Amino acid sequence: GEDVEQSLFLSVREGDSSVINCTYTDSSSTYLYWYKQEPGAGLQLLTYIFSNMDMKQDQRLTVLLNKKDKHLSLRIADTQTGDSAIYFCAEAWTGKLIFGQGTELSVKP
Amino acid sequence: DSGVTQTPKHLITATGQRVTLRCSPRSGDLSVYWYQQSLDQGLQFLIQYYNGEERAKGNILERFSAQQFPDLHSELNLSSLELGDSALFFCARTGGGLTGDTQYFGPGTRLTVL
């Protein structure tokens with residue numbers, strides 16, 4: 001069935017770039033999403049990419065999509081301590097979202 | 001602001017009990033989605049309603065049920081609760097427009113079953 005995989009942890013230093021990776025299985029997904037969840041909080045939509053795009057940039061965020069390899073990545077430039085959170089990628093499949101396990105990003109000062 | 005209100009924020013109850021979680025999307029949003037987030041299962045889609053009718057069903061237990069009312073708010077009913085039902089329950093609405101069916105999530109209801 002549909003499956004979305006992410007690595008569980010990433011630790012970076014403040015000011016560095018963070019790259020969070022995700023692989024998905026359903027090649028018919030129209031949109032792919034990145035959500036952020038801070039401790040004790042809900043899911044905040046960060047950005048999305050349409051499946052016919054290779055790249056999307058939104059301020060400090062860059063999303064890269066390799067449709068052939070079904071690989072999605074989120075790059076956060078100049079990572080700040082406030083970026084510490086869990087990041088989820090999700091693919092849209094028949095209207096519902098299939099989420100990865102989430103990547104916990106830890107930013108050290 | 002996601003445009004989704006969920007009540008209550010926290011719910012503590014005992015095994016065997018029944019609870020109701022409420023979701024109010026932004027005025028005019030026809031779709032609501034329910035998701036469950038637990039440590040062992042991650043984020044899982046439960047069910048979707050569109051304009052009062054069930055549209056899609058995911059990994060929702062038979063002890064759980066939902067409905068959407070004419071004013072488009074939705075309720076998720078959880079019965080015969082077990083310890084393993086402790087989780088964060090999210091409701092989402094769709095933004096529509098150029099972003100397609102992008103889903104915006106409410107703050108969630110944290111359920112603790114003791």
# chains A, B, ... in the order shown; residues from 1 in each chain; ligands from 1
$ residues_around --residues "Cys22 of chain A" --least-positions-apart "4" --cutoff "7 Å" --atoms "only C-alpha atoms" --output "PyMOL selection string"
chain A and resi 4-6+71-73+89
$ write_last_selection --atoms "all heavy atoms" --output "CSV table (one decimal), in the first residue's frame"
chain,number,residue,atom,x,y,z
A,4,VAL,N,5.1,6.2,3.3
A,4,VAL,CA,6.0,7.4,3.2
A,4,VAL,C,7.0,7.2,4.3
A,4,VAL,O,6.7,6.9,5.5
A,4,VAL,CB,5.2,8.7,3.5
A,4,VAL,CG1,6.1,9.9,3.5
A,4,VAL,CG2,4.1,8.9,2.4
A,5,GLU,N,8.3,7.3,3.9
A,5,GLU,CA,9.4,7.0,4.9
A,5,GLU,C,10.2,8.3,5.1
A,5,GLU,O,10.5,9.0,4.1
A,5,GLU,CB,10.3,5.9,4.3
A,5,GLU,CG,9.6,4.6,4.1
A,5,GLU,CD,9.4,3.8,5.4
A,5,GLU,OE1,10.2,4.1,6.4
A,5,GLU,OE2,8.6,2.9,5.5
A,6,GLN,N,10.6,8.5,6.3
A,6,GLN,CA,11.5,9.6,6.7
A,6,GLN,C,12.5,9.1,7.7
A,6,GLN,O,12.2,8.2,8.5
A,6,GLN,CB,10.8,10.7,7.4
A,6,GLN,CG,9.7,11.4,6.6
A,6,GLN,CD,9.0,12.5,7.4
A,6,GLN,OE1,7.8,12.5,7.6
A,6,GLN,NE2,9.8,13.5,7.8
A,71,HIS,N,11.4,10.8,-4.4
A,71,HIS,CA,12.2,11.4,-3.3
A,71,HIS,C,11.8,12.8,-3.2
A,71,HIS,O,11.9,13.6,-4.2
A,71,HIS,CB,13.7,11.1,-3.5
A,71,HIS,CG,14.5,11.6,-2.4
A,71,HIS,ND1,15.0,12.9,-2.4
A,71,HIS,CD2,14.9,11.1,-1.3
A,71,HIS,CE1,15.7,13.1,-1.3
A,71,HIS,NE2,15.7,12.0,-0.6
A,72,LEU,N,11.6,13.2,-2.0
A,72,LEU,CA,11.2,14.6,-1.6
A,72,LEU,C,12.1,15.1,-0.6
A,72,LEU,O,12.5,14.3,0.4
A,72,LEU,CB,9.8,14.7,-1.1
A,72,LEU,CG,9.1,16.0,-0.8
A,72,LEU,CD1,8.8,16.8,-2.1
A,72,LEU,CD2,7.8,15.8,0.0
A,73,SER,N,12.6,16.3,-0.7
A,73,SER,CA,13.4,16.9,0.4
A,73,SER,C,13.0,18.3,0.7
A,73,SER,O,12.5,19.0,-0.1
A,73,SER,CB,14.9,16.8,0.1
A,73,SER,OG,15.2,17.7,-1.0
A,89,CYS,N,6.5,14.8,6.2
A,89,CYS,CA,6.1,14.9,4.8
A,89,CYS,C,4.9,14.1,4.6
A,89,CYS,O,4.6,13.2,5.4
A,89,CYS,CB,7.2,14.5,3.8
A,89,CYS,SG,7.6,12.7,3.8
$ interface_residues --of "chain A" --to "chain B" --cutoff "8 Å" --atoms "only C-alpha atoms" --output "MDAnalysis selection string"
chainID A and resid 41:45 95:101
$ write_last_selection --atoms "all heavy atoms" --output "mmCIF file, in the first residue's frame"
data_model
loop_
_atom_site.group_PDB
_atom_site.id
_atom_site.type_symbol
_atom_site.label_atom_id
_atom_site.label_comp_id
_atom_site.auth_asym_id
_atom_site.auth_seq_id
_atom_site.Cartn_x
_atom_site.Cartn_y
_atom_site.Cartn_z
ATOM 1 N N ALA A 41 1.929 21.060 20.126
ATOM 2 C CA ALA A 41 1.128 21.878 19.209
ATOM 3 C C ALA A 41 0.566 21.049 18.060
ATOM 4 O O ALA A 41 0.856 19.863 17.931
ATOM 5 C CB ALA A 41 1.983 23.023 18.659
ATOM 6 N N GLY A 42 -0.234 21.717 17.239
ATOM 7 C CA GLY A 42 -0.835 21.049 16.097
ATOM 8 C C GLY A 42 0.102 21.019 14.905
ATOM 9 O O GLY A 42 1.292 21.298 15.003
ATOM 10 N N LEU A 43 -0.454 20.678 13.749
ATOM 11 C CA LEU A 43 0.311 20.568 12.512
ATOM 12 C C LEU A 43 0.179 21.858 11.717
ATOM 13 O O LEU A 43 -0.922 22.253 11.339
ATOM 14 C CB LEU A 43 -0.219 19.413 11.669
ATOM 15 C CG LEU A 43 0.060 18.024 12.211
ATOM 16 C CD1 LEU A 43 -0.838 17.002 11.544
ATOM 17 C CD2 LEU A 43 1.511 17.657 11.995
ATOM 18 N N GLN A 44 1.317 22.460 11.447
ATOM 19 C CA GLN A 44 1.329 23.702 10.689
ATOM 20 C C GLN A 44 1.804 23.404 9.269
ATOM 21 O O GLN A 44 2.883 22.832 9.083
ATOM 22 C CB GLN A 44 2.277 24.697 11.366
ATOM 23 C CG GLN A 44 2.484 25.991 10.613
ATOM 24 C CD GLN A 44 3.688 26.745 11.137
ATOM 25 O OE1 GLN A 44 4.269 26.403 12.161
ATOM 26 N NE2 GLN A 44 4.089 27.782 10.443
ATOM 27 N N LEU A 45 1.008 23.798 8.276
ATOM 28 C CA LEU A 45 1.429 23.609 6.897
ATOM 29 C C LEU A 45 2.602 24.542 6.599
ATOM 30 O O LEU A 45 2.509 25.749 6.778
ATOM 31 C CB LEU A 45 0.282 23.919 5.938
ATOM 32 C CG LEU A 45 0.638 23.862 4.455
ATOM 33 C CD1 LEU A 45 0.936 22.425 4.027
ATOM 34 C CD2 LEU A 45 -0.489 24.448 3.609
ATOM 35 N N GLY A 95 -7.501 11.933 -1.775
ATOM 36 C CA GLY A 95 -8.045 12.959 -0.889
ATOM 37 C C GLY A 95 -7.495 12.958 0.513
ATOM 38 O O GLY A 95 -7.480 13.980 1.185
ATOM 39 N N LYS A 96 -7.028 11.799 0.977
ATOM 40 C CA LYS A 96 -6.487 11.781 2.341
ATOM 41 C C LYS A 96 -4.984 11.979 2.284
ATOM 42 O O LYS A 96 -4.356 11.846 1.233
ATOM 43 C CB LYS A 96 -6.831 10.458 3.018
ATOM 44 C CG LYS A 96 -6.140 9.257 2.394
ATOM 45 C CD LYS A 96 -6.622 7.975 3.023
ATOM 46 C CE LYS A 96 -5.906 6.791 2.414
ATOM 47 N NZ LYS A 96 -6.500 5.514 2.809
ATOM 48 N N LEU A 97 -4.413 12.295 3.429
ATOM 49 C CA LEU A 97 -2.967 12.469 3.513
ATOM 50 C C LEU A 97 -2.340 11.231 4.144
ATOM 51 O O LEU A 97 -2.819 10.738 5.164
ATOM 52 C CB LEU A 97 -2.623 13.693 4.354
ATOM 53 C CG LEU A 97 -3.002 15.054 3.748
ATOM 54 C CD1 LEU A 97 -2.638 16.171 4.711
ATOM 55 C CD2 LEU A 97 -2.326 15.260 2.415
ATOM 56 N N ILE A 98 -1.269 10.767 3.526
ATOM 57 C CA ILE A 98 -0.460 9.691 4.086
ATOM 58 C C ILE A 98 0.812 10.349 4.610
ATOM 59 O O ILE A 98 1.556 10.971 3.837
ATOM 60 C CB ILE A 98 -0.088 8.635 3.031
ATOM 61 C CG1 ILE A 98 -1.320 8.150 2.269
ATOM 62 C CG2 ILE A 98 0.671 7.476 3.670
ATOM 63 C CD1 ILE A 98 -2.307 7.398 3.105
ATOM 64 N N PHE A 99 1.051 10.218 5.895
ATOM 65 C CA PHE A 99 2.177 10.889 6.538
ATOM 66 C C PHE A 99 3.346 9.946 6.758
ATOM 67 O O PHE A 99 3.167 8.752 7.004
ATOM 68 C CB PHE A 99 1.752 11.431 7.909
ATOM 69 C CG PHE A 99 0.895 12.648 7.856
ATOM 70 C CD1 PHE A 99 -0.490 12.538 7.812
ATOM 71 C CD2 PHE A 99 1.460 13.913 7.857
ATOM 72 C CE1 PHE A 99 -1.290 13.668 7.761
ATOM 73 C CE2 PHE A 99 0.671 15.050 7.811
ATOM 74 C CZ PHE A 99 -0.705 14.927 7.762
ATOM 75 N N GLY A 100 4.543 10.533 6.710
ATOM 76 C CA GLY A 100 5.709 9.820 7.182
ATOM 77 C C GLY A 100 5.737 9.833 8.702
ATOM 78 O O GLY A 100 4.866 10.421 9.355
ATOM 79 N N GLN A 101 6.760 9.194 9.260
ATOM 80 C CA GLN A 101 6.852 9.067 10.719
ATOM 81 C C GLN A 101 7.271 10.372 11.386
ATOM 82 O O GLN A 101 7.152 10.513 12.598
ATOM 83 C CB GLN A 101 7.870 7.991 11.118
ATOM 84 C CG GLN A 101 7.718 6.680 10.383
ATOM 85 C CD GLN A 101 8.616 6.628 9.165
ATOM 86 O OE1 GLN A 101 8.598 7.520 8.322
ATOM 87 N NE2 GLN A 101 9.401 5.581 9.075
#
$ closest_residue --among "A:Asp83, A:Glu104, A:Glu38, A:Asp54" --to "Gly15 of chain A" --atoms "only C-alpha atoms"
A:Asp83
